[in-house]
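One file, coords37.pdb, is given below (PDB, C-alpha atoms and all ligand atoms).
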MODEL        1
ATOM      1  CA  MET A   1     129.453 149.123 203.287
ATOM      2  CA  LYS A   2     130.428 152.435 204.842
ATOM      3  CA  ALA A   3     128.428 155.381 206.163
ATOM      4  CA  SER A   4     129.277 158.529 208.141
ATOM      5  CA  ALA A   5     127.325 161.051 210.139
ATOM      6  CA  PRO A   6     128.446 164.492 211.360
ATOM      7  CA  GLY A   7     128.294 166.063 214.799
ATOM      8  CA  LYS A   8     126.013 168.997 215.450
ATOM      9  CA  ILE A   9     125.673 172.104 217.570
ATOM     10  CA  ILE A  10     122.586 173.902 218.698
ATOM     11  CA  LEU A  11     123.053 177.595 217.896
ATOM     12  CA  PHE A  12     119.974 178.833 219.756
ATOM     13  CA  GLY A  13     116.952 177.461 221.566
ATOM     14  CA  GLU A  14     118.072 174.342 223.489
ATOM     15  CA  HIS A  15     115.752 173.271 226.321
ATOM     16  CA  ALA A  16     112.985 175.656 225.194
ATOM     17  CA  VAL A  17     112.718 173.375 222.137
ATOM     18  CA  VAL A  18     111.523 170.556 224.405
ATOM     19  CA  TYR A  19     108.521 172.823 225.181
ATOM     20  CA  ASN A  20     107.548 173.298 221.529
ATOM     21  CA  ARG A  21     109.578 176.464 220.915
ATOM     22  CA  PRO A  22     111.819 176.681 217.824
ATOM     23  CA  ALA A  23     115.578 176.082 217.840
ATOM     24  CA  LEU A  24     118.398 176.454 215.314
ATOM     25  CA  ALA A  25     120.984 173.732 214.869
ATOM     26  CA  VAL A  26     123.744 173.105 212.336
ATOM     27  CA  PRO A  27     125.906 170.104 211.436
ATOM     28  CA  VAL A  28     129.594 170.121 212.388
ATOM     29  CA  THR A  29     131.378 168.120 209.740
ATOM     30  CA  GLN A  30     134.874 168.357 211.254
ATOM     31  CA  VAL A  31     133.821 165.614 213.665
ATOM     32  CA  HIS A  32     132.026 162.462 212.560
ATOM     33  CA  VAL A  33     131.099 158.868 213.203
ATOM     34  CA  ASP A  34     132.179 156.306 210.625
ATOM     35  CA  VAL A  35     130.623 152.872 210.428
ATOM     36  CA  LYS A  36     131.795 149.994 208.290
ATOM     37  CA  VAL A  37     129.738 146.824 207.872
ATOM     38  CA  SER A  38     131.285 143.768 206.249
ATOM     39  CA  ASP A  39     130.356 140.123 205.791
ATOM     40  CA  SER A  40     131.973 137.868 208.334
ATOM     41  CA  LEU A  41     133.101 134.265 208.394
ATOM     42  CA  ARG A  42     132.039 133.739 212.009
ATOM     43  CA  GLU A  43     128.442 133.322 213.227
ATOM     44  CA  GLY A  44     126.336 136.305 214.240
ATOM     45  CA  ILE A  45     127.052 140.008 214.463
ATOM     46  CA  PHE A  46     130.273 141.285 216.015
ATOM     47  CA  ILE A  47     130.723 144.929 217.007
ATOM     48  CA  ASN A  48     134.047 146.676 217.283
ATOM     49  CA  ALA A  49     133.883 150.217 218.729
ATOM     50  CA  PRO A  50     137.332 150.993 220.167
ATOM     51  CA  GLY A  51     136.339 154.533 221.249
ATOM     52  CA  ILE A  52     133.971 153.149 223.893
ATOM     53  CA  ASP A  53     136.032 149.984 224.419
ATOM     54  CA  LEU A  54     133.337 147.751 222.984
ATOM     55  CA  HIS A  55     134.383 144.509 221.310
ATOM     56  CA  ALA A  56     131.455 142.146 221.593
ATOM     57  CA  GLY A  57     128.958 139.910 219.893
ATOM     58  CA  LEU A  58     125.465 141.364 219.551
ATOM     59  CA  ASN A  59     123.994 138.430 221.485
ATOM     60  CA  SER A  60     126.200 139.208 224.518
ATOM     61  CA  LEU A  61     124.774 142.752 224.838
ATOM     62  CA  PRO A  62     121.568 143.667 226.660
ATOM     63  CA  ALA A  63     118.709 144.520 224.275
ATOM     64  CA  ASP A  64     118.612 148.102 225.568
ATOM     65  CA  HIS A  65     122.325 148.729 224.909
ATOM     66  CA  PRO A  66     122.494 151.881 222.725
ATOM     67  CA  ILE A  67     124.189 150.102 219.821
ATOM     68  CA  ALA A  68     122.389 146.757 220.175
ATOM     69  CA  SER A  69     119.024 148.526 220.292
ATOM     70  CA  VAL A  70     119.718 150.228 216.946
ATOM     71  CA  ILE A  71     120.574 146.926 215.268
ATOM     72  CA  LEU A  72     117.647 145.034 216.818
ATOM     73  CA  ARG A  73     115.100 147.700 215.856
ATOM     74  CA  LEU A  74     116.407 147.924 212.346
ATOM     75  CA  PHE A  75     116.210 144.195 211.723
ATOM     76  CA  GLN A  76     112.761 144.170 213.293
ATOM     77  CA  LEU A  77     111.698 146.860 210.808
ATOM     78  CA  PHE A  78     113.120 144.787 207.953
ATOM     79  CA  GLY A  79     111.415 141.630 209.250
ATOM     80  CA  ILE A  80     114.785 139.861 209.535
ATOM     81  CA  SER A  81     114.856 137.420 212.455
ATOM     82  CA  GLN A  82     117.931 135.401 211.427
ATOM     83  CA  PHE A  83     120.847 137.823 211.731
ATOM     84  CA  PRO A  84     123.420 137.579 208.944
ATOM     85  CA  PRO A  85     127.076 137.107 209.957
ATOM     86  CA  LEU A  86     128.482 140.636 210.022
ATOM     87  CA  ASP A  87     131.411 142.591 211.386
ATOM     88  CA  ILE A  88     130.527 146.154 212.359
ATOM     89  CA  SER A  89     133.244 148.677 213.035
ATOM     90  CA  ILE A  90     132.347 152.029 214.612
ATOM     91  CA  THR A  91     134.848 154.865 215.000
ATOM     92  CA  SER A  92     134.092 158.393 216.110
ATOM     93  CA  THR A  93     135.807 161.736 216.568
ATOM     94  CA  ILE A  94     132.731 163.245 218.272
ATOM     95  CA  PRO A  95     133.253 163.627 222.028
ATOM     96  CA  VAL A  96     130.722 161.510 223.954
ATOM     97  CA  ALA A  97     127.962 163.078 226.110
ATOM     98  CA  SER A  98     129.097 166.606 225.361
ATOM     99  CA  GLY A  99     126.244 168.115 223.356
ATOM    100  CA  LEU A 100     127.686 167.389 219.913
ATOM    101  CA  GLY A 101     125.178 164.674 219.140
ATOM    102  CA  SER A 102     127.472 161.648 219.287
ATOM    103  CA  GLY A 103     124.667 159.221 220.178
ATOM    104  CA  ALA A 104     122.405 160.283 217.320
ATOM    105  CA  ALA A 105     125.364 160.288 214.908
ATOM    106  CA  VAL A 106     126.240 156.675 215.822
ATOM    107  CA  SER A 107     122.623 155.661 215.234
ATOM    108  CA  VAL A 108     122.366 157.475 211.875
ATOM    109  CA  ALA A 109     125.637 156.080 210.502
ATOM    110  CA  LEU A 110     124.934 152.566 211.794
ATOM    111  CA  ILE A 111     121.422 152.461 210.315
ATOM    112  CA  ARG A 112     122.593 153.767 206.942
ATOM    113  CA  ALA A 113     125.513 151.352 206.680
ATOM    114  CA  LEU A 114     123.401 148.345 207.717
ATOM    115  CA  ALA A 115     120.452 149.285 205.502
ATOM    116  CA  VAL A 116     122.647 149.549 202.438
ATOM    117  CA  HIS A 117     124.483 146.348 203.323
ATOM    118  CA  VAL A 118     121.306 144.284 203.577
ATOM    119  CA  ALA A 119     119.873 146.100 200.512
ATOM    120  CA  TYR A 120     116.909 147.757 202.228
ATOM    121  CA  PRO A 121     117.449 151.395 201.246
ATOM    122  CA  LEU A 122     115.798 153.843 203.659
ATOM    123  CA  THR A 123     114.658 157.406 203.042
ATOM    124  CA  ASN A 124     115.917 160.235 205.249
ATOM    125  CA  GLU A 125     112.453 160.353 206.814
ATOM    126  CA  GLN A 126     112.671 156.675 207.786
ATOM    127  CA  VAL A 127     116.208 157.077 209.184
ATOM    128  CA  ASN A 128     115.145 160.153 211.138
ATOM    129  CA  GLU A 129     112.092 158.428 212.607
ATOM    130  CA  LEU A 130     114.031 155.370 213.640
ATOM    131  CA  VAL A 131     116.821 157.380 215.257
ATOM    132  CA  PHE A 132     114.230 159.439 217.127
ATOM    133  CA  GLU A 133     112.795 156.180 218.549
ATOM    134  CA  ILE A 134     116.283 155.228 219.739
ATOM    135  CA  GLU A 135     116.886 158.717 221.200
ATOM    136  CA  LYS A 136     113.656 158.342 223.194
ATOM    137  CA  LEU A 137     114.892 155.052 224.652
ATOM    138  CA  HIS A 138     118.056 156.662 225.976
ATOM    139  CA  HIS A 139     117.247 160.342 226.573
ATOM    140  CA  GLY A 140     113.825 160.435 228.181
ATOM    141  CA  THR A 141     111.884 163.159 226.357
ATOM    142  CA  PRO A 142     114.149 164.418 223.548
ATOM    143  CA  SER A 143     112.787 167.034 221.164
ATOM    144  CA  GLY A 144     114.198 165.237 218.111
ATOM    145  CA  ILE A 145     116.515 168.076 217.100
ATOM    146  CA  ASP A 146     119.714 165.983 217.221
ATOM    147  CA  ASN A 147     118.466 163.198 214.968
ATOM    148  CA  THR A 148     116.961 165.716 212.521
ATOM    149  CA  VAL A 149     120.017 167.897 211.961
ATOM    150  CA  ILE A 150     122.345 164.888 211.826
ATOM    151  CA  THR A 151     120.145 162.837 209.483
ATOM    152  CA  TYR A 152     119.645 165.695 207.013
ATOM    153  CA  ASN A 153     123.150 167.160 207.475
ATOM    154  CA  LYS A 154     121.802 170.705 206.956
ATOM    155  CA  PRO A 155     121.107 173.806 209.060
ATOM    156  CA  VAL A 156     117.684 173.209 210.590
ATOM    157  CA  TYR A 157     114.994 175.457 212.054
ATOM    158  CA  PHE A 158     113.370 172.925 214.304
ATOM    159  CA  ILE A 159     110.015 172.771 216.029
ATOM    160  CA  LYS A 160     109.129 169.506 217.737
ATOM    161  CA  GLY A 161     106.679 167.364 215.793
ATOM    162  CA  GLN A 162     106.651 169.653 212.731
ATOM    163  CA  PRO A 163     107.995 168.879 209.267
ATOM    164  CA  ILE A 164     111.696 169.598 208.850
ATOM    165  CA  GLU A 165     112.535 173.159 207.796
ATOM    166  CA  THR A 166     116.064 173.953 206.636
ATOM    167  CA  PHE A 167     117.370 177.512 206.346
ATOM    168  CA  LYS A 168     119.900 179.358 204.197
ATOM    169  CA  VAL A 169     123.068 180.920 205.529
ATOM    170  CA  GLY A 170     123.264 184.357 203.833
ATOM    171  CA  LYS A 171     126.931 184.859 204.733
ATOM    172  CA  PRO A 172     129.263 182.240 206.264
ATOM    173  CA  PHE A 173     130.332 182.788 209.867
ATOM    174  CA  MET A 174     132.795 181.200 212.253
ATOM    175  CA  ILE A 175     132.113 179.437 215.501
ATOM    176  CA  VAL A 176     134.646 178.219 218.030
ATOM    177  CA  ILE A 177     133.418 175.252 220.054
ATOM    178  CA  GLY A 178     134.952 174.734 223.498
ATOM    179  CA  ASP A 179     134.564 171.435 225.322
ATOM    180  CA  THR A 180     134.520 171.594 229.140
ATOM    181  CA  GLY A 181     135.546 167.910 229.118
ATOM    182  CA  ILE A 182     132.802 167.280 231.656
ATOM    183  CA  PRO A 183     130.395 164.599 230.449
ATOM    184  CA  ALA A 184     126.852 165.741 231.137
ATOM    185  CA  PRO A 185     123.968 163.430 230.270
ATOM    186  CA  THR A 186     121.256 165.512 228.580
ATOM    187  CA  LYS A 187     118.590 163.365 230.239
ATOM    188  CA  GLU A 188     119.519 164.835 233.633
ATOM    189  CA  SER A 189     119.459 168.508 232.708
ATOM    190  CA  VAL A 190     116.237 168.008 230.721
ATOM    191  CA  GLY A 191     114.702 166.197 233.723
ATOM    192  CA  ASP A 192     115.779 168.948 236.118
ATOM    193  CA  VAL A 193     114.310 171.657 233.897
ATOM    194  CA  ARG A 194     111.068 169.683 233.782
ATOM    195  CA  SER A 195     110.843 169.539 237.608
ATOM    196  CA  LEU A 196     111.510 173.280 237.858
ATOM    197  CA  TRP A 197     108.978 174.009 235.092
ATOM    198  CA  LEU A 198     106.345 171.984 236.955
ATOM    199  CA  ARG A 199     106.988 173.994 240.125
ATOM    200  CA  ASP A 200     107.313 177.424 238.532
ATOM    201  CA  THR A 201     105.461 177.105 235.246
ATOM    202  CA  VAL A 202     104.704 180.781 234.587
ATOM    203  CA  ASN A 203     108.284 181.892 235.064
ATOM    204  CA  PHE A 204     109.686 179.053 232.948
ATOM    205  CA  GLU A 205     107.139 179.593 230.175
ATOM    206  CA  ASN A 206     108.244 183.257 230.074
ATOM    207  CA  LEU A 207     111.881 182.232 229.807
ATOM    208  CA  PHE A 208     111.026 179.837 226.963
ATOM    209  CA  ASN A 209     109.110 182.628 225.186
ATOM    210  CA  GLU A 210     112.097 184.950 225.464
ATOM    211  CA  ILE A 211     114.361 182.252 224.023
ATOM    212  CA  SER A 212     111.871 181.743 221.225
ATOM    213  CA  GLN A 213     112.122 185.440 220.281
ATOM    214  CA  ILE A 214     115.914 185.147 220.160
ATOM    215  CA  VAL A 215     115.643 182.170 217.805
ATOM    216  CA  LEU A 216     113.399 184.077 215.396
ATOM    217  CA  ILE A 217     115.701 187.110 215.291
ATOM    218  CA  ALA A 218     118.768 184.858 214.930
ATOM    219  CA  ARG A 219     117.267 183.036 211.968
ATOM    220  CA  ARG A 220     116.544 186.348 210.237
ATOM    221  CA  SER A 221     120.086 187.601 210.904
ATOM    222  CA  ILE A 222     121.621 184.415 209.494
ATOM    223  CA  GLU A 223     119.430 184.354 206.411
ATOM    224  CA  SER A 224     119.892 188.039 205.649
ATOM    225  CA  GLY A 225     123.690 187.764 205.830
ATOM    226  CA  GLU A 226     124.183 189.701 209.084
ATOM    227  CA  PRO A 227     125.703 187.011 211.295
ATOM    228  CA  GLU A 228     127.613 189.603 213.374
ATOM    229  CA  LEU A 229     124.257 190.342 215.046
ATOM    230  CA  LEU A 230     124.297 186.835 216.527
ATOM    231  CA  GLY A 231     126.879 187.714 219.195
ATOM    232  CA  LYS A 232     124.517 189.730 221.393
ATOM    233  CA  LEU A 233     121.805 187.132 220.866
ATOM    234  CA  MET A 234     124.169 184.397 222.083
ATOM    235  CA  ASP A 235     124.996 186.386 225.222
ATOM    236  CA  HIS A 236     121.297 186.894 225.893
ATOM    237  CA  ASN A 237     120.463 183.233 225.254
ATOM    238  CA  HIS A 238     123.247 182.179 227.643
ATOM    239  CA  ALA A 239     121.858 184.420 230.404
ATOM    240  CA  LEU A 240     118.442 182.779 229.954
ATOM    241  CA  LEU A 241     120.012 179.302 230.045
ATOM    242  CA  GLN A 242     121.670 180.285 233.312
ATOM    243  CA  GLN A 243     118.217 181.120 234.643
ATOM    244  CA  LEU A 244     117.036 177.675 233.532
ATOM    245  CA  THR A 245     119.910 176.401 235.794
ATOM    246  CA  VAL A 246     121.624 174.469 233.011
ATOM    247  CA  SER A 247     124.918 176.346 232.935
ATOM    248  CA  SER A 248     127.819 175.487 235.259
ATOM    249  CA  PRO A 249     130.878 177.310 236.630
ATOM    250  CA  GLU A 250     133.048 175.651 233.978
ATOM    251  CA  LEU A 251     130.742 176.662 231.115
ATOM    252  CA  ASP A 252     130.449 180.208 232.471
ATOM    253  CA  LYS A 253     134.227 180.413 232.716
ATOM    254  CA  LEU A 254     134.691 179.392 229.074
ATOM    255  CA  VAL A 255     131.930 181.746 227.902
ATOM    256  CA  GLU A 256     133.602 184.621 229.773
ATOM    257  CA  ALA A 257     137.063 183.724 228.463
ATOM    258  CA  ALA A 258     135.796 183.695 224.868
ATOM    259  CA  ARG A 259     134.192 187.117 225.243
ATOM    260  CA  ASN A 260     137.337 188.537 226.867
ATOM    261  CA  ALA A 261     139.434 187.188 223.995
ATOM    262  CA  GLY A 262     137.345 189.112 221.471
ATOM    263  CA  ALA A 263     134.466 186.788 220.578
ATOM    264  CA  LEU A 264     131.334 188.657 219.477
ATOM    265  CA  GLY A 265     129.241 186.570 221.860
ATOM    266  CA  ALA A 266     129.138 183.145 223.493
ATOM    267  CA  LYS A 267     126.779 180.642 225.069
ATOM    268  CA  LEU A 268     126.549 177.063 226.200
ATOM    269  CA  SER A 269     125.293 174.681 223.520
ATOM    270  CA  GLY A 270     123.173 171.567 224.066
ATOM    271  CA  GLY A 271     121.997 170.096 227.334
ATOM    272  CA  GLY A 272     124.442 172.129 229.462
ATOM    273  CA  ARG A 273     125.927 171.503 232.953
ATOM    274  CA  GLY A 274     129.033 170.314 231.111
ATOM    275  CA  GLY A 275     129.665 169.522 227.489
ATOM    276  CA  ASN A 276     130.262 172.326 225.047
ATOM    277  CA  MET A 277     129.955 176.056 224.635
ATOM    278  CA  ILE A 278     130.121 178.020 221.384
ATOM    279  CA  ALA A 279     131.482 181.468 220.539
ATOM    280  CA  LEU A 280     130.888 183.626 217.474
ATOM    281  CA  VAL A 281     134.185 184.982 216.154
ATOM    282  CA  GLU A 282     135.584 186.997 213.294
ATOM    283  CA  GLN A 283     137.904 184.799 211.268
ATOM    284  CA  ALA A 284     141.028 186.703 212.387
ATOM    285  CA  LYS A 285     140.187 186.069 216.058
ATOM    286  CA  ALA A 286     139.315 182.363 215.798
ATOM    287  CA  GLU A 287     142.736 181.030 216.814
ATOM    288  CA  SER A 288     143.211 183.442 219.714
ATOM    289  CA  VAL A 289     139.727 182.720 221.090
ATOM    290  CA  ALA A 290     140.449 178.990 220.798
ATOM    291  CA  SER A 291     143.702 179.342 222.753
ATOM    292  CA  ALA A 292     142.001 181.515 225.385
ATOM    293  CA  LEU A 293     139.485 178.684 225.829
ATOM    294  CA  ILE A 294     142.277 176.144 226.302
ATOM    295  CA  SER A 295     143.933 178.445 228.896
ATOM    296  CA  ALA A 296     140.573 178.697 230.685
ATOM    297  CA  GLY A 297     140.386 174.895 230.968
ATOM    298  CA  ALA A 298     138.763 173.670 227.740
ATOM    299  CA  ARG A 299     139.668 170.046 226.992
ATOM    300  CA  GLN A 300     139.544 170.714 223.252
ATOM    301  CA  THR A 301     138.317 173.254 220.746
ATOM    302  CA  ILE A 302     136.930 173.023 217.237
ATOM    303  CA  ILE A 303     136.850 175.947 214.823
ATOM    304  CA  THR A 304     134.034 175.520 212.329
ATOM    305  CA  GLU A 305     132.601 177.633 209.519
ATOM    306  CA  ILE A 306     128.819 177.658 209.225
ATOM    307  CA  SER A 307     127.944 178.038 205.558
TER     308      SER A 307
HETATM  309  O1  LIG A 401     122.853 167.880 224.707
HETATM  310  P1  LIG A 401     122.410 167.812 223.296
HETATM  311  O2  LIG A 401     123.261 168.524 222.335
HETATM  312  O3  LIG A 401     121.998 166.450 222.860
HETATM  313  O4  LIG A 401     121.126 168.734 223.139
HETATM  314  C1  LIG A 401     120.038 168.631 223.910
HETATM  315  C2  LIG A 401     119.119 169.721 223.540
HETATM  316  C3  LIG A 401     117.974 169.862 224.514
HETATM  317  O5  LIG A 401     117.152 170.883 224.001
HETATM  318  C4  LIG A 401     118.471 170.243 225.878
HETATM  319  C5  LIG A 401     117.198 168.572 224.634
HETATM  320  C6  LIG A 401     116.451 168.189 223.382
HETATM  321  O6  LIG A 401     116.087 167.006 223.289
HETATM  322  O7  LIG A 401     116.180 169.037 222.519
ENDMDL
END
Rewrite the coordinates I just gave you, this time as structure tokens.
Amino acid sequence: MKASAPGKIILFGEHAVVYNRPALAVPVTQVHVDVKVSDSLREGIFINAPGIDLHAGLNSLPADHPIASVILRLFQLFGISQFPPLDISITSTIPVASGLGSGAAVSVALIRALAVHVAYPLTNEQVNELVFEIEKLHHGTPSGIDNTVITYNKPVYFIKGQPIETFKVGKPFMIVIGDTGIPAPTKESVGDVRSLWLRDTVNFENLFNEISQIVLIARRSIESGEPELLGKLMDHNHALLQQLTVSSPELDKLVEAARNAGALGAKLSGGGRGGNMIALVEQAKAESVASALISAGARQTIITEIS
């Protein structure tokens, strides 16, 4: 049985979303995780994930291993205590720990492939809930935005704890994603923002409110088919993320390079400190912005149309 899950980017609202403000995120289908589950002749469950150099039996992994924990929780939910003999192969083109949602995508694809294989079909709501549980195990206090956008594979207007709300894209627009190549665990930047928020609550609440305004205006611009207005909003959101201390010299350098190469605006995307940035571009400029990012040190770029 096979299943895939896309990557994702946060367009606006990261970090503030942890504090109950809205955020906008979209799937990125050019990168994906693919999982294949097949019956095996040997005992137990064997996992093959060459991208993270994992070739191991489930019983040799600690119960809190990101992949083992998905499988164990799923079988617990199904009430299966005797694991069937299975081979699980996991391949991914989503860079790890870079803000493109690789962890949530592995969980979504793995759960879907296993559920279908053992004939326990799950609804999107059940997949989303389960993946959120796993995200909490590994990321401290996640908002749930990654699992939601990846499970539903649609543009999402997300507020923590509220029912999923998708939104329409009035006119397609192009984004160039630039990867700093610096792995940056989201747990750390989220934890650091929390410490700063505890110390300087009024200031941080104001920053979150400002980000929240940007998200609302951005959603309107996207829905009404005026995506060119997003550039300025991205620049503004990036400046606020800098004030939250989650940018880095490398991210700032890529953001600057994109703007200088003709992008309409740019910002970091996701947890920050490393990982990815995004730039809004006119189609004709996409390639030149992407090469400017590579010259400024990006490890890789992805050009994606949001539609
Ligand atoms: O680093 P990513 O793409 O997984 O995004 C994290 C987004 C945050 O708002 C920083 C954290 C969260 O859980 O929403």
**Item:** Residue IDs satisfying the PyMOL selection byres (((not hetatm)) within 8 of (chain A and resi 401)), as an MDAnalysis selection string
**Value:** chainID A and resid 8:10 13:18 97:101 139 141:146 184:187 189:190 269:272 275
**Asked** So which residues touch A:Asp34 within 10 Å, counting all atoms listed in the file, skipping near sequence neighbours fewer than 6 positions away, as a ChimeraX atom specification?
**Response** /A:2-6,89-93,105-106,108-110,113
**Prompt:** For A:Pro95, which of A:Ala284, A:Leu233, A:Ile177, A:Leu293 is the closest residue, counting all atoms listed in the file?
**Reply:**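 For A:Pro95, the nearest of the given residues is A:Ile177.
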**Asked** So what do you get for atom CA of A:Arg194 versus atom CA of A:Val149, distance-wise?
**Response**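 These atoms are spaced 23.7 Å apart.
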**Message:** I'd like to know which of A:Val193, A:Val35, A:Ala104, A:Ile182 is closest to A:Thr151, using all atoms listed in the file.
**Reply:**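 Among the listed residues, A:Ala104 lies closest to A:Thr151.
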Write out as an mmCIF file with C-alpha atoms, in the coordinates of the input which residues come within 10 Å of A:Ala115 when counting all atoms listed in the file, dropping same-chain ones fewer than 6 positions away.
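Result file is part.cif:
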data_model
loop_
_atom_site.group_PDB
_atom_site.id
_atom_site.type_symbol
_atom_site.label_atom_id
_atom_site.label_comp_id
_atom_site.auth_asym_id
_atom_site.auth_seq_id
_atom_site.Cartn_x
_atom_site.Cartn_y
_atom_site.Cartn_z
ATOM 1 C CA MET A 1 129.453 149.123 203.287
ATOM 2 C CA VAL A 37 129.738 146.824 207.872
ATOM 3 C CA LEU A 74 116.407 147.924 212.346
ATOM 4 C CA PHE A 75 116.210 144.195 211.723
ATOM 5 C CA PHE A 78 113.120 144.787 207.953
ATOM 6 C CA ALA A 109 125.637 156.080 210.502
ATOM 7 C CA PRO A 121 117.449 151.395 201.246
ATOM 8 C CA LEU A 122 115.798 153.843 203.659
ATOM 9 C CA VAL A 127 116.208 157.077 209.184
#
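Between atom CA of A:Phe46 and atom CA of A:Pro85 lies a distance of 8.0 Å.
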**Prompt:** Suppose you want the space between atom CA of A:Ser212 and atom CA of A:Glu188; what is it in Å?
**Reply:** 22.3 Å
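Here the residues that fall within 9 Å of (112.3, 152.7, 214.2), using all atoms listed in the file, are given as A:Val70, A:Arg73, A:Leu74, A:Gln76, A:Leu77, A:Gln126, A:Val127, A:Asn128, A:Glu129, A:Leu130, A:Val131, A:Phe132, A:Glu133, A:Ile134.
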**Request:** Would you translate the PyMOL selection byres (((chain A and resi 176) around 6) and not hetatm) into the concrete set of residues it matches in this file, as a VMD selection string?
**Result:** chain A and resid 175 177 278 to 279 302 to 303
